[in-house]
Amino acid sequence: MLPLRFSLILLIFASASPCPARHPSGESSPEGLGKISFSNSCLAPAQPALLKGIAQLHSFQYAAAEKAFAESKEADRQCAMAYWGLAMSSYRPLWDGANEKAIAKGHSYLEKIQTDWPITPREQEYISAIKIIFGNNRRLGDDRIAEYSKAMGQLSRHYPDDGEAQAFYALSLLALPSRGDDTAIRRQVIDILTRLSASQPQHPGAVHYLIHAADTPELAPQGLTAARRYAKIAPDSSHALHMPAHIFVRLGLWQESIDSNLAAAAAAAEATQQQMGEAQYQLHAMDFLNYSYLQMGEQAKALQVIADLNKVPGSSVGVLTNVRVNLTARTLLELHRWKEALALAPDGDPDDQQMVYLLHTIAAARMGDATLAGENLKSLKQSSKHDRHKDKFAEDYRRKVAEAWVDFAKAKRDRAVTKIRAAADMQDKDDPGPFGVTAREMLADMLLDLHQPVPALAAYEAVLKLGPNRFNALYGAAIAAEMASDSGKAQIYFSKLRENCPPQADREELQKIKTASAAAH
């Protein structure tokens, strides 16, 4: 017969054995979302949803991540990291940050974490860091973003083998407020994430954030490997399907951009219909599709993207108006459809209206109507006065470009060239991005119209250096080279344009090339 005390010990162990264990490995491969490793104090039943939510955070699937973290906390009411995840789902560092409503929401989640819950010192550092963002219900400010990044930097140094600490620290660096040259920070992020990818090859955040870090003309080649891996690592995320296009567009890889965004738009629409996403994912993919089709000479498809905006599920009227104005204005400017541009109504918020008034000013000037160009410049300035959320840089840029074209229309050619060149220099310093006609390209167009082909060619080539394979820049460079009697260079640019465009391409310029080629033979 066993002693009574030993019998009680056996009884205690027997009754405790069915309870879920804490401190599991925290390593998982959420289906279609990549593989992460995140040890934590939550019970085993809470692990799958917790790790899935973290993986979804790394692909910016915030709505889906929030549902996963909610499921995790239901499985373990004392899972502190599930509440941390819910707060993280309310903060979108590279998008809109967190408004007052999101800050209040994140704050409420963190307030539910109790001091007597099982929380390791490492977990407490994660919680304390995000509390900097959600410390109160005021609007998010730059100081809190910087302090959060500093805290994540300390956490990443305390736990150098914690891949999540490295990934979220890298993301926090990308979110630091800045204007101008941030190349040093981007290189730092690329270094962090390159090491993380080496140790965790299937980590979704490592490739995703590296793409963001490399999203500049100078660094884009360093993001190409990550771009071609990300969709394979996280194929169930619409954002992972889309994100590689940031690098493809930077490098002028138009067909790869189109393939990525067709898949992303379809996946995003399905996710929205299942209440697991938002319309912005599909709209963002359509933005890239419209632009990429234009660069491949497929104007009918580019215009169809705009027509299809009405089919996007879950979008508000205001958001759809903003996207439609952006895409339409860009398309008409790219195609040089000046009469249609003048017919575009200045709908939407003040920012949308200013975009249309700028387009009107350019279109009127290109048609030689100085009076109409001047009137639209006045409307642009008036609309800017009523914009409560104005971007000073955007305001200055639009005004400079519009004034240059008004001067051009008034035959004040030297002054027009000086002003548009100043706008181009201003824009280049801020990285104009690859998504439209830049001031540098307008300078080239202006010089070509003034029958100055040599400086026009130099300006087009400068555009192509920042935005390889842009249709208008290739075509303009070819025309400028022809005017400058450099037939060899003209043929190089014409050949590149034909190489980029598929047989079904229907832009008018391509027909001119075919006609000229036939006449030459």
# chains A, B, ... in the order shown; residues from 1 in each chain; ligands from 1
>>> residues_around(residues="region 349-357 of chain A", least_positions_apart="2", cutoff="7 Å", atoms="only C-alpha atoms", output="compact mmCIF listing (two decimals) with N, CA, C and O atoms, in the first residue's frame")
# COMPACT_ATOMS: atom_id res chain seq x y z
N ASN A 322 -11.96 59.08 -55.49
CA ASN A 322 -10.54 59.42 -55.43
C ASN A 322 -9.72 58.56 -56.38
O ASN A 322 -8.88 59.07 -57.14
N VAL A 325 -10.56 59.43 -60.12
CA VAL A 325 -9.96 60.69 -60.54
C VAL A 325 -8.46 60.49 -60.78
O VAL A 325 -7.91 60.95 -61.79
N ALA A 329 -7.09 60.83 -64.57
CA ALA A 329 -6.19 61.96 -64.83
C ALA A 329 -4.84 61.45 -65.34
O ALA A 329 -4.28 61.99 -66.31
N PRO A 346 -14.00 68.23 -62.10
CA PRO A 346 -13.21 68.28 -60.87
C PRO A 346 -14.01 67.77 -59.67
O PRO A 346 -14.44 68.53 -58.79
N ASP A 347 -14.23 66.46 -59.62
CA ASP A 347 -15.00 65.85 -58.53
C ASP A 347 -14.10 65.52 -57.34
O ASP A 347 -12.89 65.61 -57.40
N LEU A 359 -4.36 69.08 -64.40
CA LEU A 359 -4.51 68.42 -65.70
C LEU A 359 -5.12 69.38 -66.72
O LEU A 359 -4.66 69.47 -67.87
N HIS A 360 -6.15 70.11 -66.31
CA HIS A 360 -6.79 71.08 -67.20
C HIS A 360 -5.79 72.15 -67.66
O HIS A 360 -5.79 72.55 -68.84
N THR A 361 -4.97 72.62 -66.72
CA THR A 361 -3.99 73.66 -67.06
C THR A 361 -3.01 73.15 -68.11
O THR A 361 -2.72 73.84 -69.10
N ASN A 376 -7.56 77.94 -65.23
CA ASN A 376 -7.45 76.72 -64.44
C ASN A 376 -6.35 76.81 -63.39
O ASN A 376 -6.46 76.20 -62.33
N LEU A 377 -5.32 77.59 -63.68
CA LEU A 377 -4.31 77.85 -62.66
C LEU A 377 -4.94 78.57 -61.47
O LEU A 377 -4.67 78.25 -60.30
N SER A 379 -8.07 78.41 -60.56
CA SER A 379 -8.93 77.44 -59.87
C SER A 379 -8.10 76.50 -59.00
O SER A 379 -8.52 76.13 -57.90
N LEU A 380 -6.93 76.13 -59.50
CA LEU A 380 -6.02 75.27 -58.72
C LEU A 380 -5.62 75.96 -57.42
O LEU A 380 -5.68 75.36 -56.33
N SER A 383 -8.66 76.25 -55.00
CA SER A 383 -8.99 74.97 -54.36
C SER A 383 -8.00 74.64 -53.26
O SER A 383 -8.38 74.11 -52.21
N SER A 384 -6.75 74.99 -53.48
CA SER A 384 -5.72 74.70 -52.47
C SER A 384 -5.98 75.47 -51.18
O SER A 384 -5.71 74.96 -50.08
N ASP A 387 -8.25 73.52 -48.84
CA ASP A 387 -7.83 72.16 -48.49
C ASP A 387 -7.30 72.14 -47.06
O ASP A 387 -6.21 72.63 -46.78
>>> residues_around(residues="Asp236 (chain A)", least_positions_apart="2", cutoff="9 Å", atoms="only C-alpha atoms", output="JSON, numbers by chain")
{"A": [31, 32, 33, 231, 233, 234, 238, 239, 240, 241, 267]}
>>> atom_distance(atom1="CA of Ala365 (chain A)", atom2="CA of Ala409 (chain A)")
4.8 Å
>>> residues_around(residues="Asp430 (chain A)", least_positions_apart="4", cutoff="12 Å", atoms="only C-alpha atoms", output="list in words")
Ser178, Arg179, Gly180, Asp181, Asp182, Thr183, Thr216, Pro217, Phe393, Ala394, Tyr397, Ala423, Ala424, Asp425, Met426 and Thr438 of chain A
>>> write_last_selection(atoms="all heavy atoms", output="tab-separated table (two decimals), in the first residue's frame")
chain	number	residue	atom	x	y	z
A	178	SER	N	9.88	61.04	-42.34
A	178	SER	CA	11.02	61.66	-43.02
A	178	SER	C	10.56	62.20	-44.36
A	178	SER	O	9.57	61.74	-44.92
A	178	SER	CB	12.16	60.66	-43.22
A	178	SER	OG	11.80	59.66	-44.14
A	179	ARG	N	11.28	63.15	-44.87
A	179	ARG	CA	11.11	63.62	-46.24
A	179	ARG	C	12.51	63.87	-46.78
A	179	ARG	O	13.33	64.49	-46.14
A	179	ARG	CB	10.28	64.91	-46.31
A	179	ARG	CG	10.06	65.35	-47.77
A	179	ARG	CD	9.20	66.58	-47.86
A	179	ARG	NE	7.80	66.32	-47.62
A	179	ARG	CZ	6.96	65.74	-48.49
A	179	ARG	NH1	7.42	65.34	-49.66
A	179	ARG	NH2	5.71	65.56	-48.20
A	180	GLY	N	12.75	63.39	-47.96
A	180	GLY	CA	14.08	63.55	-48.51
A	180	GLY	C	14.80	62.21	-48.58
A	180	GLY	O	14.18	61.16	-48.67
A	181	ASP	N	16.10	62.26	-48.51
A	181	ASP	CA	16.93	61.06	-48.69
A	181	ASP	C	16.95	60.21	-47.43
A	181	ASP	O	17.53	60.59	-46.42
A	181	ASP	CB	18.36	61.47	-49.07
A	181	ASP	CG	19.20	60.28	-49.49
A	181	ASP	OD1	18.68	59.15	-49.49
A	181	ASP	OD2	20.39	60.49	-49.82
A	182	ASP	N	16.29	59.05	-47.48
A	182	ASP	CA	16.29	58.12	-46.35
A	182	ASP	C	17.02	56.82	-46.72
A	182	ASP	O	16.75	55.76	-46.17
A	182	ASP	CB	14.87	57.81	-45.89
A	182	ASP	CG	14.01	57.23	-47.02
A	182	ASP	OD1	14.49	57.15	-48.17
A	182	ASP	OD2	12.85	56.88	-46.75
A	183	THR	N	17.96	56.93	-47.66
A	183	THR	CA	18.65	55.74	-48.18
A	183	THR	C	19.39	55.00	-47.08
A	183	THR	O	19.42	53.75	-47.07
A	183	THR	CB	19.64	56.14	-49.29
A	183	THR	OG1	18.93	56.83	-50.32
A	183	THR	CG2	20.30	54.91	-49.90
A	216	THR	N	12.89	52.16	-54.25
A	216	THR	CA	13.44	53.41	-54.76
A	216	THR	C	14.19	53.10	-56.05
A	216	THR	O	14.58	51.94	-56.28
A	216	THR	CB	14.42	54.07	-53.77
A	216	THR	OG1	15.63	53.31	-53.71
A	216	THR	CG2	13.82	54.18	-52.37
A	217	PRO	N	14.42	54.09	-56.90
A	217	PRO	CA	15.15	53.82	-58.15
A	217	PRO	C	16.53	53.21	-57.89
A	217	PRO	O	16.95	52.29	-58.61
A	217	PRO	CB	15.26	55.19	-58.80
A	217	PRO	CG	14.13	55.98	-58.24
A	217	PRO	CD	13.96	55.49	-56.83
A	393	PHE	N	4.24	70.09	-49.88
A	393	PHE	CA	5.09	69.71	-51.01
A	393	PHE	C	4.26	69.56	-52.28
A	393	PHE	O	4.61	70.08	-53.34
A	393	PHE	CB	5.83	68.40	-50.71
A	393	PHE	CG	6.69	67.92	-51.84
A	393	PHE	CD1	8.00	68.36	-51.96
A	393	PHE	CD2	6.21	67.04	-52.79
A	393	PHE	CE1	8.80	67.93	-53.02
A	393	PHE	CE2	6.99	66.60	-53.84
A	393	PHE	CZ	8.30	67.05	-53.95
A	394	ALA	N	3.13	68.82	-52.17
A	394	ALA	CA	2.27	68.61	-53.34
A	394	ALA	C	1.72	69.93	-53.84
A	394	ALA	O	1.62	70.16	-55.07
A	394	ALA	CB	1.14	67.66	-52.98
A	397	TYR	N	4.50	71.81	-55.67
A	397	TYR	CA	4.83	71.14	-56.92
A	397	TYR	C	3.78	71.42	-57.99
A	397	TYR	O	4.10	71.80	-59.12
A	397	TYR	CB	4.96	69.64	-56.68
A	397	TYR	CG	5.06	68.84	-57.97
A	397	TYR	CD1	6.26	68.82	-58.68
A	397	TYR	CD2	3.96	68.16	-58.48
A	397	TYR	CE1	6.35	68.13	-59.89
A	397	TYR	CE2	4.05	67.46	-59.68
A	397	TYR	CZ	5.25	67.45	-60.38
A	397	TYR	OH	5.33	66.77	-61.56
A	423	ALA	N	10.81	72.55	-60.98
A	423	ALA	CA	9.85	71.58	-60.44
A	423	ALA	C	10.41	70.17	-60.55
A	423	ALA	O	10.23	69.34	-59.64
A	423	ALA	CB	8.52	71.68	-61.19
A	424	ALA	N	11.09	69.87	-61.66
A	424	ALA	CA	11.69	68.54	-61.84
A	424	ALA	C	12.78	68.28	-60.81
A	424	ALA	O	12.86	67.20	-60.22
A	424	ALA	CB	12.25	68.42	-63.25
A	425	ASP	N	13.63	69.29	-60.56
A	425	ASP	CA	14.69	69.14	-59.56
A	425	ASP	C	14.09	68.91	-58.17
A	425	ASP	O	14.57	68.08	-57.39
A	425	ASP	CB	15.59	70.38	-59.54
A	425	ASP	CG	16.41	70.52	-60.82
A	425	ASP	OD1	16.58	69.51	-61.54
A	425	ASP	OD2	16.88	71.64	-61.09
A	426	MET	N	13.04	69.66	-57.88
A	426	MET	CA	12.34	69.53	-56.60
A	426	MET	C	11.74	68.13	-56.45
A	426	MET	O	11.87	67.49	-55.40
A	426	MET	CB	11.24	70.58	-56.53
A	426	MET	CG	10.27	70.46	-55.38
A	426	MET	SD	8.93	71.68	-55.59
A	426	MET	CE	7.87	71.26	-54.21
A	438	THR	N	6.23	62.63	-64.97
A	438	THR	CA	6.93	63.47	-64.00
A	438	THR	C	7.23	64.84	-64.60
A	438	THR	O	7.11	65.06	-65.81
A	438	THR	CB	8.26	62.82	-63.58
A	438	THR	OG1	9.10	62.71	-64.75
A	438	THR	CG2	8.03	61.44	-62.99
>>> select_by_dssp(residues="region 288-379 of chain A", states="alpha helix (DSSP H)", output="PyMOL selection string")
chain A and resi 288-295+299-307+317-335+338-343+350-366+370-379
>>> atom_distance(atom1="CA of Leu176 (chain A)", atom2="CA of Glu123 (chain A)")
23.3 Å
>>> closest_residue(among="A:Asp414, A:Asp407, A:Asp445, A:Glu164", to="Gly368 (chain A)", atoms="only C-alpha atoms")
A:Asp407
>>> atom_distance(atom1="CA of Pro235 (chain A)", atom2="CA of Ser260 (chain A)")
10.9 Å
>>> residues_around(residues="Ala46 (chain A)", least_positions_apart="2", cutoff="9 Å", atoms="only C-alpha atoms", output="short mmCIF file (atom, residue, chain, number, x, y, z; two decimals) with all heavy atoms, in the first residue's frame")
data_model
loop_
_atom_site.label_atom_id
_atom_site.label_comp_id
_atom_site.auth_asym_id
_atom_site.auth_seq_id
_atom_site.Cartn_x
_atom_site.Cartn_y
_atom_site.Cartn_z
N CYS A 42 1.27 31.49 -24.20
CA CYS A 42 -0.13 31.13 -24.37
C CYS A 42 -0.32 29.61 -24.39
O CYS A 42 0.61 28.85 -24.69
CB CYS A 42 -0.68 31.74 -25.65
SG CYS A 42 -0.57 33.54 -25.68
N LEU A 43 -1.54 29.18 -24.07
CA LEU A 43 -1.85 27.76 -24.07
C LEU A 43 -1.81 27.20 -25.49
O LEU A 43 -2.01 27.92 -26.47
CB LEU A 43 -3.24 27.53 -23.48
CG LEU A 43 -3.42 27.86 -21.99
CD1 LEU A 43 -4.88 27.73 -21.59
CD2 LEU A 43 -2.55 26.96 -21.12
N ALA A 44 -1.58 25.91 -25.56
CA ALA A 44 -1.45 25.24 -26.86
C ALA A 44 -2.66 25.47 -27.78
O ALA A 44 -2.48 25.70 -28.97
CB ALA A 44 -1.20 23.75 -26.65
N PRO A 48 -2.31 28.06 -32.87
CA PRO A 48 -2.49 28.18 -34.33
C PRO A 48 -3.03 29.53 -34.77
O PRO A 48 -2.52 30.13 -35.72
CB PRO A 48 -3.49 27.05 -34.63
CG PRO A 48 -3.29 26.06 -33.53
CD PRO A 48 -2.99 26.87 -32.32
N ALA A 49 -4.05 30.02 -34.08
CA ALA A 49 -4.63 31.31 -34.46
C ALA A 49 -3.66 32.46 -34.17
O ALA A 49 -3.57 33.42 -34.95
CB ALA A 49 -5.95 31.54 -33.73
N LEU A 50 -2.93 32.37 -33.06
CA LEU A 50 -1.97 33.42 -32.71
C LEU A 50 -0.90 33.55 -33.79
O LEU A 50 -0.61 34.65 -34.27
CB LEU A 50 -1.33 33.11 -31.36
CG LEU A 50 -0.25 34.11 -30.90
CD1 LEU A 50 -0.88 35.45 -30.56
CD2 LEU A 50 0.52 33.56 -29.69
N LEU A 51 -0.32 32.41 -34.17
CA LEU A 51 0.74 32.44 -35.17
C LEU A 51 0.21 32.82 -36.54
O LEU A 51 0.90 33.50 -37.32
CB LEU A 51 1.44 31.08 -35.20
CG LEU A 51 2.14 30.71 -33.89
CD1 LEU A 51 2.63 29.27 -33.93
CD2 LEU A 51 3.31 31.64 -33.62
N PHE A 69 -6.44 36.83 -34.03
CA PHE A 69 -6.07 37.12 -32.65
C PHE A 69 -7.29 37.01 -31.71
O PHE A 69 -7.15 36.58 -30.57
CB PHE A 69 -5.43 38.50 -32.55
CG PHE A 69 -4.06 38.59 -33.17
CD1 PHE A 69 -3.78 39.53 -34.14
CD2 PHE A 69 -3.05 37.72 -32.77
CE1 PHE A 69 -2.53 39.61 -34.72
CE2 PHE A 69 -1.78 37.80 -33.34
CZ PHE A 69 -1.52 38.75 -34.31
N GLU A 71 -9.73 34.95 -32.12
CA GLU A 71 -9.91 33.51 -31.94
C GLU A 71 -8.90 32.96 -30.93
O GLU A 71 -9.22 32.10 -30.10
CB GLU A 71 -9.72 32.82 -33.30
CG GLU A 71 -9.93 31.32 -33.27
CD GLU A 71 -9.68 30.69 -34.62
OE1 GLU A 71 -9.88 31.36 -35.66
OE2 GLU A 71 -9.28 29.50 -34.66
N SER A 72 -7.68 33.49 -30.97
CA SER A 72 -6.64 33.04 -30.04
C SER A 72 -6.99 33.37 -28.60
O SER A 72 -6.83 32.54 -27.69
CB SER A 72 -5.30 33.68 -30.43
OG SER A 72 -4.26 33.24 -29.58
N LYS A 73 -7.50 34.57 -28.36
CA LYS A 73 -7.83 34.94 -26.98
C LYS A 73 -9.04 34.17 -26.46
O LYS A 73 -9.18 33.96 -25.25
CB LYS A 73 -8.05 36.45 -26.86
CG LYS A 73 -9.37 36.98 -27.37
CD LYS A 73 -9.50 38.46 -27.08
CE LYS A 73 -10.79 39.04 -27.65
NZ LYS A 73 -12.00 38.44 -27.04
N GLU A 74 -9.92 33.74 -27.37
CA GLU A 74 -11.04 32.91 -26.94
C GLU A 74 -10.55 31.54 -26.49
O GLU A 74 -11.14 30.92 -25.59
CB GLU A 74 -12.05 32.75 -28.09
CG GLU A 74 -12.81 34.02 -28.42
CD GLU A 74 -13.58 34.57 -27.23
OE1 GLU A 74 -14.22 33.76 -26.51
OE2 GLU A 74 -13.52 35.79 -26.99
N ALA A 75 -9.47 31.07 -27.10
CA ALA A 75 -8.91 29.77 -26.73
C ALA A 75 -8.11 29.85 -25.44
O ALA A 75 -7.92 28.83 -24.75
CB ALA A 75 -8.03 29.24 -27.86
N ASP A 76 -7.63 31.04 -25.10
CA ASP A 76 -6.86 31.23 -23.86
C ASP A 76 -7.10 32.65 -23.39
O ASP A 76 -6.53 33.60 -23.93
CB ASP A 76 -5.37 30.97 -24.11
CG ASP A 76 -4.52 31.20 -22.86
OD1 ASP A 76 -5.09 31.49 -21.78
OD2 ASP A 76 -3.28 31.10 -22.97
N CYS A 79 -4.05 34.83 -22.65
CA CYS A 79 -3.02 34.92 -23.70
C CYS A 79 -2.72 36.39 -23.98
O CYS A 79 -3.37 37.04 -24.80
CB CYS A 79 -3.49 34.20 -24.96
SG CYS A 79 -2.32 34.30 -26.33
N ALA A 82 -2.14 37.58 -27.55
CA ALA A 82 -3.31 37.74 -28.43
C ALA A 82 -3.83 39.18 -28.35
O ALA A 82 -4.21 39.77 -29.37
CB ALA A 82 -4.40 36.75 -28.03
#
>>> closest_atom_pairs(of="region 330-370 of chain A", to="region 461-479 of chain A", cutoff="12 Å", atoms="only C-alpha atoms", output="CSV")
residue,atom,partner,partner_atom,distance
A:Thr331,CA,A:Asn472,CA,11.8
A:Leu333,CA,A:Asn472,CA,10.5
A:Glu334,CA,A:Asn472,CA,7.3
A:Leu335,CA,A:Asn472,CA,8.6
A:His336,CA,A:Asn472,CA,9.9
>>> residues_around(residues="Ala300 (chain A)", least_positions_apart="6", cutoff="10 Å", atoms="only C-alpha atoms", output="PyMOL selection string")
chain A and resi 290+293-294+504-507
>>> closest_residue(among="A:Met367, A:Ala165, A:Leu171, A:Ile145", to="Gln188 (chain A)", atoms="only C-alpha atoms")
A:Leu171
>>> closest_residue(among="A:Trp338, A:Arg324, A:Ala404, A:Asp191", to="Ala363 (chain A)", atoms="only C-alpha atoms")
A:Trp338
>>> decode(residues="region 76-86 of chain A", atoms="all heavy atoms", output="mmCIF file, in the first residue's frame")
data_model
loop_
_atom_site.group_PDB
_atom_site.id
_atom_site.type_symbol
_atom_site.label_atom_id
_atom_site.label_comp_id
_atom_site.auth_asym_id
_atom_site.auth_seq_id
_atom_site.Cartn_x
_atom_site.Cartn_y
_atom_site.Cartn_z
ATOM 1 N N ASP A 76 -7.628 31.037 -25.096
ATOM 2 C CA ASP A 76 -6.859 31.228 -23.862
ATOM 3 C C ASP A 76 -7.095 32.655 -23.389
ATOM 4 O O ASP A 76 -6.533 33.602 -23.928
ATOM 5 C CB ASP A 76 -5.370 30.969 -24.108
ATOM 6 C CG ASP A 76 -4.522 31.205 -22.857
ATOM 7 O OD1 ASP A 76 -5.089 31.495 -21.782
ATOM 8 O OD2 ASP A 76 -3.282 31.103 -22.966
ATOM 9 N N ARG A 77 -7.940 32.800 -22.370
ATOM 10 C CA ARG A 77 -8.333 34.123 -21.892
ATOM 11 C C ARG A 77 -7.174 34.887 -21.261
ATOM 12 O O ARG A 77 -7.276 36.095 -21.034
ATOM 13 C CB ARG A 77 -9.473 33.988 -20.866
ATOM 14 C CG ARG A 77 -10.796 33.582 -21.497
ATOM 15 C CD ARG A 77 -11.324 34.682 -22.386
ATOM 16 N NE ARG A 77 -12.657 34.401 -22.910
ATOM 17 C CZ ARG A 77 -13.387 35.256 -23.592
ATOM 18 N NH1 ARG A 77 -12.915 36.454 -23.830
ATOM 19 N NH2 ARG A 77 -14.582 34.913 -24.046
ATOM 20 N N GLN A 78 -6.072 34.193 -20.962
ATOM 21 C CA GLN A 78 -4.905 34.857 -20.389
ATOM 22 C C GLN A 78 -3.738 34.907 -21.381
ATOM 23 O O GLN A 78 -2.583 35.014 -20.995
ATOM 24 C CB GLN A 78 -4.473 34.161 -19.098
ATOM 25 C CG GLN A 78 -5.491 34.289 -17.982
ATOM 26 C CD GLN A 78 -4.980 33.741 -16.663
ATOM 27 O OE1 GLN A 78 -3.889 33.184 -16.581
ATOM 28 N NE2 GLN A 78 -5.759 33.907 -15.611
ATOM 29 N N CYS A 79 -4.049 34.832 -22.649
ATOM 30 C CA CYS A 79 -3.016 34.915 -23.696
ATOM 31 C C CYS A 79 -2.718 36.386 -23.976
ATOM 32 O O CYS A 79 -3.372 37.037 -24.800
ATOM 33 C CB CYS A 79 -3.489 34.203 -24.961
ATOM 34 S SG CYS A 79 -2.318 34.303 -26.335
ATOM 35 N N ALA A 80 -1.728 36.915 -23.285
ATOM 36 C CA ALA A 80 -1.403 38.340 -23.400
ATOM 37 C C ALA A 80 -1.016 38.719 -24.828
ATOM 38 O O ALA A 80 -1.355 39.801 -25.315
ATOM 39 C CB ALA A 80 -0.269 38.690 -22.436
ATOM 40 N N MET A 81 -0.337 37.805 -25.523
ATOM 41 C CA MET A 81 0.125 38.143 -26.869
ATOM 42 C C MET A 81 -1.014 38.197 -27.878
ATOM 43 O O MET A 81 -0.880 38.813 -28.934
ATOM 44 C CB MET A 81 1.207 37.166 -27.318
ATOM 45 C CG MET A 81 2.457 37.182 -26.427
ATOM 46 S SD MET A 81 3.025 38.866 -25.996
ATOM 47 C CE MET A 81 3.642 39.430 -27.569
ATOM 48 N N ALA A 82 -2.143 37.582 -27.554
ATOM 49 C CA ALA A 82 -3.313 37.737 -28.426
ATOM 50 C C ALA A 82 -3.828 39.176 -28.345
ATOM 51 O O ALA A 82 -4.213 39.768 -29.367
ATOM 52 C CB ALA A 82 -4.405 36.755 -28.030
ATOM 53 N N TYR A 83 -3.816 39.752 -27.148
ATOM 54 C CA TYR A 83 -4.247 41.140 -26.985
ATOM 55 C C TYR A 83 -3.219 42.092 -27.602
ATOM 56 O O TYR A 83 -3.579 43.120 -28.187
ATOM 57 C CB TYR A 83 -4.479 41.452 -25.507
ATOM 58 C CG TYR A 83 -5.702 40.781 -24.949
ATOM 59 C CD1 TYR A 83 -5.616 39.528 -24.346
ATOM 60 C CD2 TYR A 83 -6.954 41.373 -25.052
ATOM 61 C CE1 TYR A 83 -6.748 38.888 -23.851
ATOM 62 C CE2 TYR A 83 -8.090 40.752 -24.563
ATOM 63 C CZ TYR A 83 -7.978 39.510 -23.963
ATOM 64 O OH TYR A 83 -9.110 38.877 -23.482
ATOM 65 N N TRP A 84 -1.943 41.746 -27.474
ATOM 66 C CA TRP A 84 -0.889 42.507 -28.167
ATOM 67 C C TRP A 84 -1.155 42.479 -29.672
ATOM 68 O O TRP A 84 -1.071 43.511 -30.352
ATOM 69 C CB TRP A 84 0.473 41.887 -27.844
ATOM 70 C CG TRP A 84 1.574 42.287 -28.784
ATOM 71 C CD1 TRP A 84 2.337 43.406 -28.733
ATOM 72 C CD2 TRP A 84 2.021 41.545 -29.945
ATOM 73 N NE1 TRP A 84 3.229 43.422 -29.782
ATOM 74 C CE2 TRP A 84 3.065 42.293 -30.535
ATOM 75 C CE3 TRP A 84 1.644 40.338 -30.517
ATOM 76 C CZ2 TRP A 84 3.725 41.853 -31.682
ATOM 77 C CZ3 TRP A 84 2.299 39.895 -31.650
ATOM 78 C CH2 TRP A 84 3.330 40.646 -32.226
ATOM 79 N N GLY A 85 -1.492 41.302 -30.204
ATOM 80 C CA GLY A 85 -1.776 41.169 -31.629
ATOM 81 C C GLY A 85 -2.986 41.978 -32.053
ATOM 82 O O GLY A 85 -2.991 42.587 -33.130
ATOM 83 N N LEU A 86 -4.015 42.015 -31.210
ATOM 84 C CA LEU A 86 -5.198 42.819 -31.527
ATOM 85 C C LEU A 86 -4.841 44.303 -31.620
ATOM 86 O O LEU A 86 -5.335 45.023 -32.488
ATOM 87 C CB LEU A 86 -6.282 42.586 -30.480
ATOM 88 C CG LEU A 86 -7.004 41.233 -30.580
ATOM 89 C CD1 LEU A 86 -7.801 40.957 -29.308
ATOM 90 C CD2 LEU A 86 -7.929 41.205 -31.802
#
